[in-house]
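Structure data follow from query29.csv (CSV, C-alpha atoms):
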```
chain,number,residue,atom,x,y,z
A,662,MET,CA,192.2,-183.7,27.0
A,663,ARG,CA,191.0,-180.1,26.3
A,664,ASP,CA,192.3,-177.2,28.3
A,665,GLY,CA,193.6,-179.5,31.0
A,666,VAL,CA,190.3,-181.2,31.5
A,667,SER,CA,190.0,-185.0,30.7
A,668,PRO,CA,187.0,-186.2,28.6
A,669,LYS,CA,185.7,-188.3,31.5
A,670,SER,CA,185.8,-185.2,33.7
A,671,LEU,CA,183.8,-183.3,31.1
A,672,VAL,CA,181.3,-186.1,31.0
A,673,GLY,CA,181.1,-186.1,34.8
A,674,SER,CA,180.5,-182.4,34.7
A,675,VAL,CA,177.7,-182.7,32.2
A,676,VAL,CA,176.0,-185.5,34.1
A,677,HIS,CA,176.4,-183.7,37.4
A,678,ARG,CA,174.9,-180.5,36.0
A,679,GLY,CA,171.9,-182.3,34.6
A,680,LEU,CA,171.5,-184.1,37.9
A,681,CYS,CA,171.7,-180.9,39.9
A,682,GLU,CA,169.2,-179.1,37.7
A,683,HIS,CA,166.4,-181.6,37.8
A,684,ASP,CA,164.7,-183.3,40.7
A,685,PHE,CA,163.5,-186.9,40.2
A,686,PHE,CA,160.1,-185.7,41.4
A,687,GLY,CA,159.9,-183.0,38.7
A,688,ASP,CA,160.8,-180.0,40.8
A,689,PRO,CA,163.7,-177.8,39.5
A,690,LEU,CA,166.6,-177.5,41.9
A,691,GLU,CA,168.8,-174.5,42.3
A,692,ARG,CA,172.0,-174.6,40.4
A,693,GLY,CA,175.0,-174.4,42.6
A,694,ASP,CA,178.4,-175.9,43.5
A,695,VAL,CA,176.9,-178.9,45.2
A,696,GLY,CA,178.5,-182.2,46.0
A,697,PRO,CA,181.8,-183.9,45.2
A,698,MET,CA,181.5,-183.6,41.4
A,699,ALA,CA,180.5,-179.9,41.1
A,700,HIS,CA,184.2,-178.8,40.9
A,701,LEU,CA,184.4,-180.6,37.5
A,702,ALA,CA,182.4,-177.9,35.8
A,703,SER,CA,184.9,-175.3,36.9
A,704,SER,CA,188.1,-177.2,37.0
A,705,GLN,CA,189.7,-175.2,34.2
A,706,GLY,CA,191.8,-172.4,35.6
A,707,ASP,CA,191.7,-173.7,39.1
A,708,ASP,CA,194.8,-173.3,41.2
A,709,PRO,CA,196.1,-176.9,41.7
A,710,GLU,CA,197.6,-175.9,45.0
A,711,ALA,CA,194.5,-174.2,46.4
A,712,GLY,CA,191.9,-176.0,48.5
A,713,ALA,CA,190.7,-176.7,51.9
A,714,SER,CA,193.2,-179.4,52.6
A,715,GLY,CA,196.4,-177.5,52.3
A,716,GLU,CA,199.1,-178.8,49.9
A,717,THR,CA,196.9,-181.5,48.3
A,718,GLY,CA,194.3,-178.9,47.2
A,719,TRP,CA,191.5,-181.4,48.0
A,720,SER,CA,189.0,-181.4,50.8
A,721,ALA,CA,188.7,-184.4,53.1
A,722,THR,CA,185.3,-185.1,51.7
A,723,GLU,CA,186.7,-185.2,48.1
A,724,GLN,CA,189.5,-187.6,49.2
A,725,ARG,CA,187.0,-189.9,50.9
A,726,ARG,CA,184.9,-190.2,47.8
A,727,GLY,CA,187.8,-191.2,45.6
A,728,LEU,CA,188.7,-187.9,43.9
A,729,LYS,CA,192.3,-187.7,43.0
A,730,ARG,CA,194.8,-185.3,41.5
A,731,ASP,CA,196.0,-186.2,38.0
A,732,GLY,CA,198.6,-183.6,36.8
A,733,ARG,CA,196.7,-180.3,36.2
A,734,SER,CA,193.3,-182.1,35.8
A,735,ARG,CA,191.0,-183.6,38.3
A,736,SER,CA,189.7,-186.9,36.9
A,737,LEU,CA,187.1,-189.2,38.3
A,738,SER,CA,187.0,-192.9,37.6
A,739,TRP,CA,183.8,-194.4,36.1
A,740,GLY,CA,183.2,-196.5,39.2
A,741,VAL,CA,183.4,-193.4,41.5
A,742,LEU,CA,181.2,-191.5,39.1
A,743,THR,CA,178.5,-194.2,39.3
A,744,ASP,CA,178.7,-194.2,43.1
A,745,GLY,CA,178.3,-190.4,43.1
A,746,LEU,CA,175.2,-190.6,40.9
A,747,GLU,CA,173.7,-193.2,43.1
A,748,HIS,CA,174.4,-191.1,46.2
A,749,TYR,CA,172.5,-188.2,44.7
A,750,ARG,CA,169.7,-190.3,43.4
A,751,ARG,CA,169.1,-191.6,46.9
A,752,ALA,CA,169.4,-188.1,48.3
A,753,TYR,CA,166.8,-186.7,45.9
A,754,ILE,CA,164.4,-189.5,46.4
A,755,GLU,CA,164.6,-189.0,50.2
A,756,ARG,CA,164.1,-185.3,49.7
A,757,GLY,CA,160.9,-186.0,47.7
A,758,ARG,CA,159.6,-188.3,50.4
A,759,LYS,CA,160.2,-185.6,53.1
A,760,ASN,CA,158.3,-183.1,51.0
A,761,MET,CA,155.3,-185.3,50.3
A,762,PRO,CA,152.2,-184.3,52.3
A,763,ARG,CA,151.6,-186.4,55.3
A,764,ARG,CA,148.3,-188.1,55.9
A,765,THR,CA,146.5,-187.0,59.1
A,766,SER,CA,144.6,-189.5,61.2
A,767,SER,CA,141.0,-188.7,62.0
A,768,LEU,CA,141.8,-189.7,65.6
A,769,ALA,CA,143.6,-187.2,67.7
A,770,VAL,CA,146.6,-188.7,69.6
A,771,GLY,CA,145.2,-187.5,72.9
A,772,SER,CA,141.9,-189.3,72.3
A,773,LEU,CA,143.3,-192.8,71.7
A,774,PRO,CA,142.4,-195.4,74.2
A,775,ASP,CA,144.9,-197.6,76.0
A,776,GLY,CA,144.3,-200.6,73.7
A,777,VAL,CA,143.7,-201.8,70.2
A,778,VAL,CA,141.3,-199.5,68.2
A,779,ALA,CA,138.8,-201.4,66.0
A,780,PHE,CA,138.8,-200.4,62.4
A,781,GLN,CA,136.0,-201.6,60.1
A,782,ASN,CA,137.3,-203.6,57.1
A,783,ALA,CA,135.4,-202.4,54.0
A,784,ASP,CA,135.9,-205.7,52.3
A,785,LYS,CA,134.0,-207.4,55.1
A,786,ALA,CA,131.1,-205.1,55.4
A,787,ALA,CA,128.6,-207.8,54.2
A,788,GLU,CA,129.7,-210.6,56.6
A,789,GLU,CA,127.2,-212.2,58.9
A,790,HIS,CA,127.4,-213.2,62.5
A,791,TRP,CA,125.6,-215.4,65.0
A,792,THR,CA,122.6,-213.7,66.5
A,793,PRO,CA,119.8,-215.0,68.9
A,794,SER,CA,117.5,-215.5,65.9
A,795,ARG,CA,120.1,-217.2,63.8
A,796,SER,CA,121.1,-219.4,66.7
A,797,ARG,CA,117.7,-221.1,66.6
A,798,ASP,CA,118.8,-222.8,63.4
A,799,LEU,CA,122.2,-224.4,63.9
A,800,GLY,CA,122.5,-225.2,60.2
A,801,ASN,CA,122.4,-221.5,59.3
A,802,PHE,CA,126.1,-220.8,59.5
A,803,PRO,CA,127.1,-217.2,59.1
A,804,ASN,CA,128.5,-216.2,55.7
A,805,PRO,CA,131.4,-216.4,55.1
A,806,SER,CA,132.3,-219.7,56.7
A,807,ARG,CA,134.9,-222.2,55.5
A,808,ILE,CA,133.4,-225.6,56.0
A,809,LEU,CA,135.4,-228.8,55.6
A,810,LEU,CA,133.6,-232.1,55.3
A,811,VAL,CA,135.7,-235.3,55.6
A,812,GLY,CA,134.7,-238.9,55.6
A,813,PRO,CA,134.6,-242.2,53.7
A,814,PRO,CA,132.6,-242.5,50.5
A,815,GLY,CA,128.8,-242.9,51.1
A,816,GLY,CA,128.8,-241.2,54.4
A,817,GLY,CA,126.5,-238.4,53.3
A,818,LYS,CA,128.8,-235.4,52.8
A,819,SER,CA,126.9,-234.1,49.7
A,820,THR,CA,123.6,-234.5,51.5
A,821,VAL,CA,124.9,-232.4,54.4
A,822,MET,CA,126.1,-229.7,52.1
A,823,LYS,CA,122.7,-229.5,50.4
A,824,ASN,CA,121.1,-229.2,53.8
A,825,LEU,CA,123.4,-226.3,54.7
A,826,ILE,CA,122.4,-224.6,51.5
A,827,VAL,CA,118.7,-224.8,52.1
A,828,HIS,CA,119.0,-223.7,55.7
A,829,GLN,CA,120.7,-220.4,54.8
A,830,ASN,CA,118.6,-217.4,55.8
A,831,PRO,CA,118.8,-215.1,53.9
A,832,PRO,CA,119.4,-217.6,51.1
A,833,PHE,CA,122.2,-217.6,48.7
A,834,ASP,CA,121.8,-215.7,45.5
A,835,GLU,CA,124.4,-217.8,43.6
A,836,VAL,CA,125.7,-221.3,44.2
A,837,TYR,CA,128.7,-222.6,42.2
A,838,VAL,CA,129.6,-226.3,42.3
A,839,VAL,CA,133.2,-227.4,41.4
A,840,HIS,CA,133.2,-231.1,40.6
A,841,GLU,CA,135.6,-233.4,38.8
A,842,ASP,CA,132.7,-234.7,36.6
A,843,ALA,CA,131.0,-231.3,36.2
A,844,ASP,CA,129.7,-231.9,32.7
A,845,LEU,CA,127.9,-235.2,33.4
A,846,THR,CA,127.1,-235.5,37.1
A,847,ALA,CA,123.4,-234.9,38.1
A,848,GLU,CA,124.1,-235.0,41.9
A,849,TYR,CA,123.4,-231.3,42.4
A,850,ASP,CA,120.6,-230.7,40.0
A,851,GLU,CA,118.0,-230.2,42.7
A,852,LEU,CA,120.0,-227.2,43.9
A,853,GLU,CA,119.8,-225.6,40.5
A,854,PRO,CA,123.4,-224.2,40.8
A,855,THR,CA,124.4,-221.0,39.1
A,856,ALA,CA,127.2,-222.9,37.3
A,857,MET,CA,128.9,-226.3,37.3
A,858,MET,CA,132.7,-226.0,37.1
A,859,ASP,CA,135.5,-228.5,36.7
A,860,GLU,CA,138.2,-226.2,38.2
A,861,ILE,CA,138.3,-223.9,41.2
A,862,PRO,CA,137.8,-220.3,40.2
A,863,ASP,CA,140.8,-218.1,40.8
A,864,LEU,CA,140.9,-214.6,42.1
A,865,GLU,CA,140.7,-212.9,38.7
A,866,TRP,CA,137.5,-214.8,37.9
A,867,VAL,CA,135.9,-213.8,41.3
A,868,ASN,CA,136.9,-210.2,40.8
A,869,ALA,CA,135.0,-210.1,37.5
A,870,LEU,CA,131.7,-211.0,39.4
A,871,PRO,CA,129.4,-208.0,40.3
A,872,ALA,CA,129.5,-207.3,44.0
A,873,THR,CA,126.0,-206.0,44.2
A,874,ASP,CA,122.7,-206.5,42.5
A,875,ALA,CA,120.6,-203.9,40.6
A,876,LYS,CA,119.3,-202.5,43.9
A,877,GLY,CA,122.7,-202.2,45.4
A,878,ALA,CA,122.4,-205.1,47.8
A,879,PRO,CA,125.4,-207.4,48.2
A,880,ILE,CA,125.2,-210.7,46.2
A,881,LYS,CA,125.4,-213.7,48.6
A,882,ARG,CA,127.4,-216.5,47.1
A,883,CYS,CA,128.6,-220.0,48.0
A,884,ILE,CA,131.2,-222.2,46.3
A,885,ILE,CA,131.0,-226.0,46.8
A,886,VAL,CA,134.1,-228.1,46.0
A,887,ASP,CA,133.2,-231.8,45.9
A,888,ASP,CA,135.1,-234.9,44.8
A,889,LEU,CA,138.1,-232.9,43.4
A,890,GLU,CA,141.5,-234.6,43.0
A,891,PHE,CA,144.4,-233.0,45.0
A,892,THR,CA,147.1,-235.6,45.2
A,893,ALA,CA,148.2,-235.2,41.6
A,894,ALA,CA,146.7,-231.7,41.1
A,895,LYS,CA,148.5,-229.1,39.0
A,896,LYS,CA,149.8,-226.0,40.7
A,897,ASP,CA,147.0,-223.8,39.3
A,898,ARG,CA,144.4,-225.8,41.1
A,899,LEU,CA,146.3,-225.8,44.4
A,900,LYS,CA,146.9,-222.0,44.1
A,901,ALA,CA,143.2,-221.3,43.4
A,902,LEU,CA,142.2,-223.4,46.4
A,903,ALA,CA,144.7,-221.5,48.6
A,904,GLN,CA,143.3,-218.2,47.4
A,905,LEU,CA,139.8,-219.4,48.0
A,906,PHE,CA,140.4,-220.4,51.6
A,907,ARG,CA,142.9,-217.8,52.5
A,908,TYR,CA,141.5,-214.6,50.9
A,909,VAL,CA,138.5,-214.9,48.7
A,910,SER,CA,136.2,-216.4,51.3
A,911,SER,CA,136.7,-213.7,53.9
A,912,HIS,CA,137.4,-210.6,51.7
A,913,LYS,CA,134.8,-211.4,49.0
A,914,CYS,CA,132.3,-212.7,51.5
A,915,ILE,CA,131.8,-216.2,49.9
A,916,MET,CA,131.0,-219.3,51.8
A,917,VAL,CA,133.2,-222.3,50.9
A,918,MET,CA,132.3,-226.0,51.4
A,919,LEU,CA,134.9,-228.6,50.6
A,920,ALA,CA,134.1,-232.3,50.8
A,921,HIS,CA,136.8,-234.9,50.6
A,922,GLN,CA,137.2,-238.6,51.4
A,923,SER,CA,140.7,-238.5,53.0
A,924,TRP,CA,142.1,-236.1,55.7
A,925,PHE,CA,145.6,-237.1,54.6
A,926,ASP,CA,145.2,-236.0,51.0
A,927,LEU,CA,143.7,-232.6,51.7
A,928,PRO,CA,146.0,-229.6,51.1
A,929,PRO,CA,147.3,-228.3,54.5
A,930,LEU,CA,146.2,-224.7,54.0
A,931,ALA,CA,142.5,-225.7,53.6
A,932,LYS,CA,142.7,-227.6,57.0
A,933,LYS,CA,144.4,-224.5,58.6
A,934,MET,CA,141.9,-221.9,57.2
A,935,ALA,CA,138.7,-223.9,57.8
A,936,ASN,CA,136.6,-222.8,60.8
A,937,VAL,CA,133.9,-225.5,60.6
A,938,PHE,CA,134.8,-229.2,60.5
A,939,ILE,CA,132.2,-231.9,59.8
A,940,ILE,CA,133.9,-235.2,60.3
A,941,TRP,CA,132.8,-238.8,59.9
A,942,PRO,CA,134.5,-241.6,61.8
A,943,PRO,CA,137.7,-242.5,60.0
A,944,ARG,CA,138.9,-246.1,59.6
A,945,ALA,CA,142.5,-245.3,60.3
A,946,ARG,CA,143.4,-244.8,64.0
A,947,THR,CA,146.3,-242.5,63.1
A,948,GLU,CA,143.9,-240.3,61.0
A,949,ALA,CA,141.7,-239.6,64.1
A,950,GLY,CA,144.8,-238.4,66.0
A,951,LEU,CA,145.8,-236.0,63.2
A,952,ILE,CA,142.2,-234.7,62.9
A,953,GLU,CA,141.7,-234.0,66.7
A,954,ASN,CA,145.0,-232.1,66.8
A,955,ARG,CA,144.0,-229.8,63.9
A,956,VAL,CA,140.4,-229.2,65.0
A,957,GLY,CA,141.5,-228.3,68.6
A,958,LEU,CA,140.4,-231.4,70.5
A,959,PRO,CA,142.5,-232.9,73.3
A,960,LYS,CA,144.5,-236.1,72.5
A,961,GLY,CA,142.3,-239.2,72.4
A,962,SER,CA,139.0,-237.3,72.7
A,963,LEU,CA,137.9,-237.6,69.1
A,964,ARG,CA,137.6,-241.4,69.1
A,965,ALA,CA,135.9,-241.3,72.4
A,966,LEU,CA,133.3,-238.8,71.1
A,967,PHE,CA,132.7,-241.0,68.0
A,968,ALA,CA,132.3,-244.1,70.1
A,969,ARG,CA,129.7,-242.4,72.4
A,970,TYR,CA,127.7,-240.2,70.1
A,971,CYS,CA,128.2,-241.3,66.5
A,972,THR,CA,126.9,-244.8,66.5
A,973,GLY,CA,124.9,-244.8,63.2
A,974,PRO,CA,126.5,-245.3,59.8
A,975,LYS,CA,125.7,-241.7,58.7
A,976,ASP,CA,126.5,-239.9,61.9
A,977,SER,CA,129.1,-237.2,61.9
A,978,LEU,CA,130.7,-234.8,64.4
A,979,CYS,CA,130.6,-231.1,63.8
A,980,ILE,CA,133.3,-228.8,65.3
A,981,ASP,CA,132.3,-225.2,64.9
A,982,TRP,CA,134.9,-222.5,65.5
A,983,THR,CA,132.9,-219.6,64.0
A,984,ASP,CA,132.8,-216.5,66.2
A,985,GLY,CA,130.0,-216.6,68.8
A,986,SER,CA,128.9,-220.1,67.9
A,987,PRO,CA,126.0,-221.3,70.1
A,988,ALA,CA,127.3,-224.8,70.1
A,989,ARG,CA,130.9,-225.7,69.4
A,990,LEU,CA,130.4,-229.5,69.3
A,991,ARG,CA,127.4,-231.1,67.6
A,992,LYS,CA,126.2,-234.4,66.3
A,993,ASN,CA,125.0,-234.3,62.7
A,994,VAL,CA,125.3,-230.4,62.7
A,995,PHE,CA,121.9,-229.9,64.4
A,996,GLU,CA,122.3,-231.7,67.8
A,997,PRO,CA,124.4,-229.9,70.4
A,998,LEU,CA,126.5,-232.3,72.6
A,999,PRO,CA,126.0,-232.0,76.4
A,1000,PRO,CA,128.0,-229.5,78.4
A,1001,PRO,CA,130.7,-231.9,79.5
A,1002,ALA,CA,131.6,-232.5,75.8
A,1003,GLN,CA,131.3,-228.8,75.0
A,1004,ALA,CA,133.9,-228.2,77.7
A,1005,LEU,CA,136.5,-230.0,75.6
A,1006,LEU,CA,136.8,-226.9,73.3
A,1007,LEU,CA,136.9,-224.3,76.1
```
Produce structure tokens that represent the structure in this file.
Amino acid sequence: MRDGVSPKSLVGSVVHRGLCEHDFFGDPLERGDVGPMAHLASSQGDDPEAGASGETGWSATEQRRGLKRDGRSRSLSWGVLTDGLEHYRRAYIERGRKNMPRRTSSLAVGSLPDGVVAFQNADKAAEEHWTPSRSRDLGNFPNPSRILLVGPPGGGKSTVMKNLIVHQNPPFDEVYVVHEDADLTAEYDELEPTAMMDEIPDLEWVNALPATDAKGAPIKRCIIVDDLEFTAAKKDRLKALAQLFRYVSSHKCIMVMLAHQSWFDLPPLAKKMANVFIIWPPRARTEAGLIENRVGLPKGSLRALFARYCTGPKDSLCIDWTDGSPARLRKNVFEPLPPPAQALLL
């Protein structure tokens, strides 16, 4: 002890003085006798009997915060000191928040309508929509769409995806094909893809692509995922697929087509995020029930639609949930089903 002041009290005084003199946001604060620890700086020579609380010499605030009388000195435990510092840290942070300039909305409160105000998402400025001219070609799905093609081997899934590519107007600038046998397969050679890949590109890879061409026009892209293994896939593959369907497609304006042989083995997120389903008749009865539930069809209706309209070995049923679709239900993508069948998705 020195002059009746304990070492810990001196430390508390120094820490408190430093805390009081400097704001966490860089603005100097006025010195002053502020807070429960300020008395430590001037405890020497204090009258131990003086104070706001009568005989004890301590105010009610000081007692609540753990200050105690210790002979002629006023000491502070390290735990209480830490609590005091945390109290001031939070107070100064809150002060900084209050002093930060507030952003003002471009809409005056009095001019707001009684409803949701539409704000344009800058990430989605290049997205396409169904129009009367586009509707004349039902294979010209607006970009970005997330298209899921599911059916047994040999049904024609790859053929349908190639048809959707060539029906795009305006056409794609870049087409990427993700295939398990990317180095050797010649299945997509006629499309002259931009790149053949054996793994799904992640968000970092997509962000490295240029968003516009030399003239400033958005670059229109498509990613095809075909014959990829998911049942024993590593986490990186599943994460990249989730990013592709959940974020990349809509915010980077990239059409995604995913072809697979089994509805059971598809990652759940892909089935939830897809807005176009092209389905070939499954062999398992339970599989048809799961599919119709996910695509929004009433119970038992999918098998009835297959039995009535998909009688050929290559026939498929298209369920289109894109906004403004001219035909929700179609046979082989291009043939709208009659109005009674369309009513199933109303």
Could you list, as a short mmCIF file (atom, residue, chain, number, x, y, z; two decimals) with C-alpha atoms, in the coordinates of the input, every residue within 7 Å of stretch 789-806 of chain A, counting only C-alpha atoms and ignoring same-chain residues fewer than 6 positions away?
```cif
data_model
loop_
_atom_site.label_atom_id
_atom_site.label_comp_id
_atom_site.auth_asym_id
_atom_site.auth_seq_id
_atom_site.Cartn_x
_atom_site.Cartn_y
_atom_site.Cartn_z
CA LEU A 825 123.40 -226.30 54.70
CA HIS A 828 119.00 -223.70 55.70
CA GLN A 829 120.70 -220.40 54.80
CA ASN A 830 118.60 -217.40 55.80
CA SER A 910 136.20 -216.40 51.30
CA SER A 911 136.70 -213.70 53.90
CA CYS A 914 132.30 -212.70 51.50
CA ILE A 915 131.80 -216.20 49.90
CA MET A 916 131.00 -219.30 51.80
CA VAL A 917 133.20 -222.30 50.90
CA ASN A 936 136.60 -222.80 60.80
CA GLY A 985 130.00 -216.60 68.80
CA SER A 986 128.90 -220.10 67.90
CA PRO A 987 126.00 -221.30 70.10
CA VAL A 994 125.30 -230.40 62.70
CA PHE A 995 121.90 -229.90 64.40
#
```
Within 10 Å of stretch 886-890 of chain A, which residues of stretch 787-862 of chain A show up? Give each one with its shortest atom-to-atom distance in Å (one decimal) and the two atoms involved, counting all atoms listed in the file, rows by chain then rising residue number, as a tab-separated table.
```
residue	atom	partner	partner_atom	distance
A:Leu809	CA	A:Val886	CA	9.7
A:Leu810	CA	A:Asp887	CA	9.4
A:Pro814	CA	A:Asp888	CA	9.8
A:Lys818	CA	A:Asp887	CA	8.9
A:Ser819	CA	A:Asp887	CA	7.7
A:Met822	CA	A:Asp887	CA	9.7
A:Tyr837	CA	A:Val886	CA	8.6
A:Val838	CA	A:Val886	CA	6.1
A:Val839	CA	A:Val886	CA	4.7
A:His840	CA	A:Asp887	CA	5.3
A:Glu841	CA	A:Leu889	CA	5.3
A:Asp842	CA	A:Asp888	CA	8.5
A:Ala843	CA	A:Asp887	CA	10.0
A:Met858	CA	A:Val886	CA	9.3
A:Asp859	CA	A:Leu889	CA	8.4
A:Glu860	CA	A:Leu889	CA	8.5
A:Ile861	CA	A:Val886	CA	7.6
```
Straight-line distance linking atom CA of A:Ala872 with atom CA of A:Glu853, stated in Å to one decimal: 21.0 Å
Length of the atom CA of A:Lys785 to atom CA of A:Ala878 vector [Å]: 13.9 Å
For atom CA of A:Met934 and atom CA of A:Asn782, the interatomic separation in Å (one decimal): 18.9 Å
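Among the candidates A:Thr983, A:Trp941, A:Arg946, A:Asp863, the residue lying nearest to A:Cys971 is A:Trp941 (atoms considered: only C-alpha atoms).
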Name the residues in contact with A:Pro999 at a cut-off of 10 Å, using all atoms listed in the file, excluding same-chain residues fewer than 4 positions from it; report them as a PDB file with C-alpha atoms, in the coordinates of the input.
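The resulting file, part.pdb, is shown below:
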```pdb
ATOM      1  CA  ALA A 988     127.300-224.800  70.100  1.00  0.00           C
ATOM      2  CA  LEU A 990     130.400-229.500  69.300  1.00  0.00           C
ATOM      3  CA  ARG A 991     127.400-231.100  67.600  1.00  0.00           C
ATOM      4  CA  GLN A1003     131.300-228.800  75.000  1.00  0.00           C
ATOM      5  CA  ALA A1004     133.900-228.200  77.700  1.00  0.00           C
TER       6      ALA A1004
END
```
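Near A:Phe938, within 6 Å and counting only C-alpha atoms, sit A:Ile808, A:Leu809, A:Cys979, A:Ile980; same-chain residues fewer than 2 positions away were not included.
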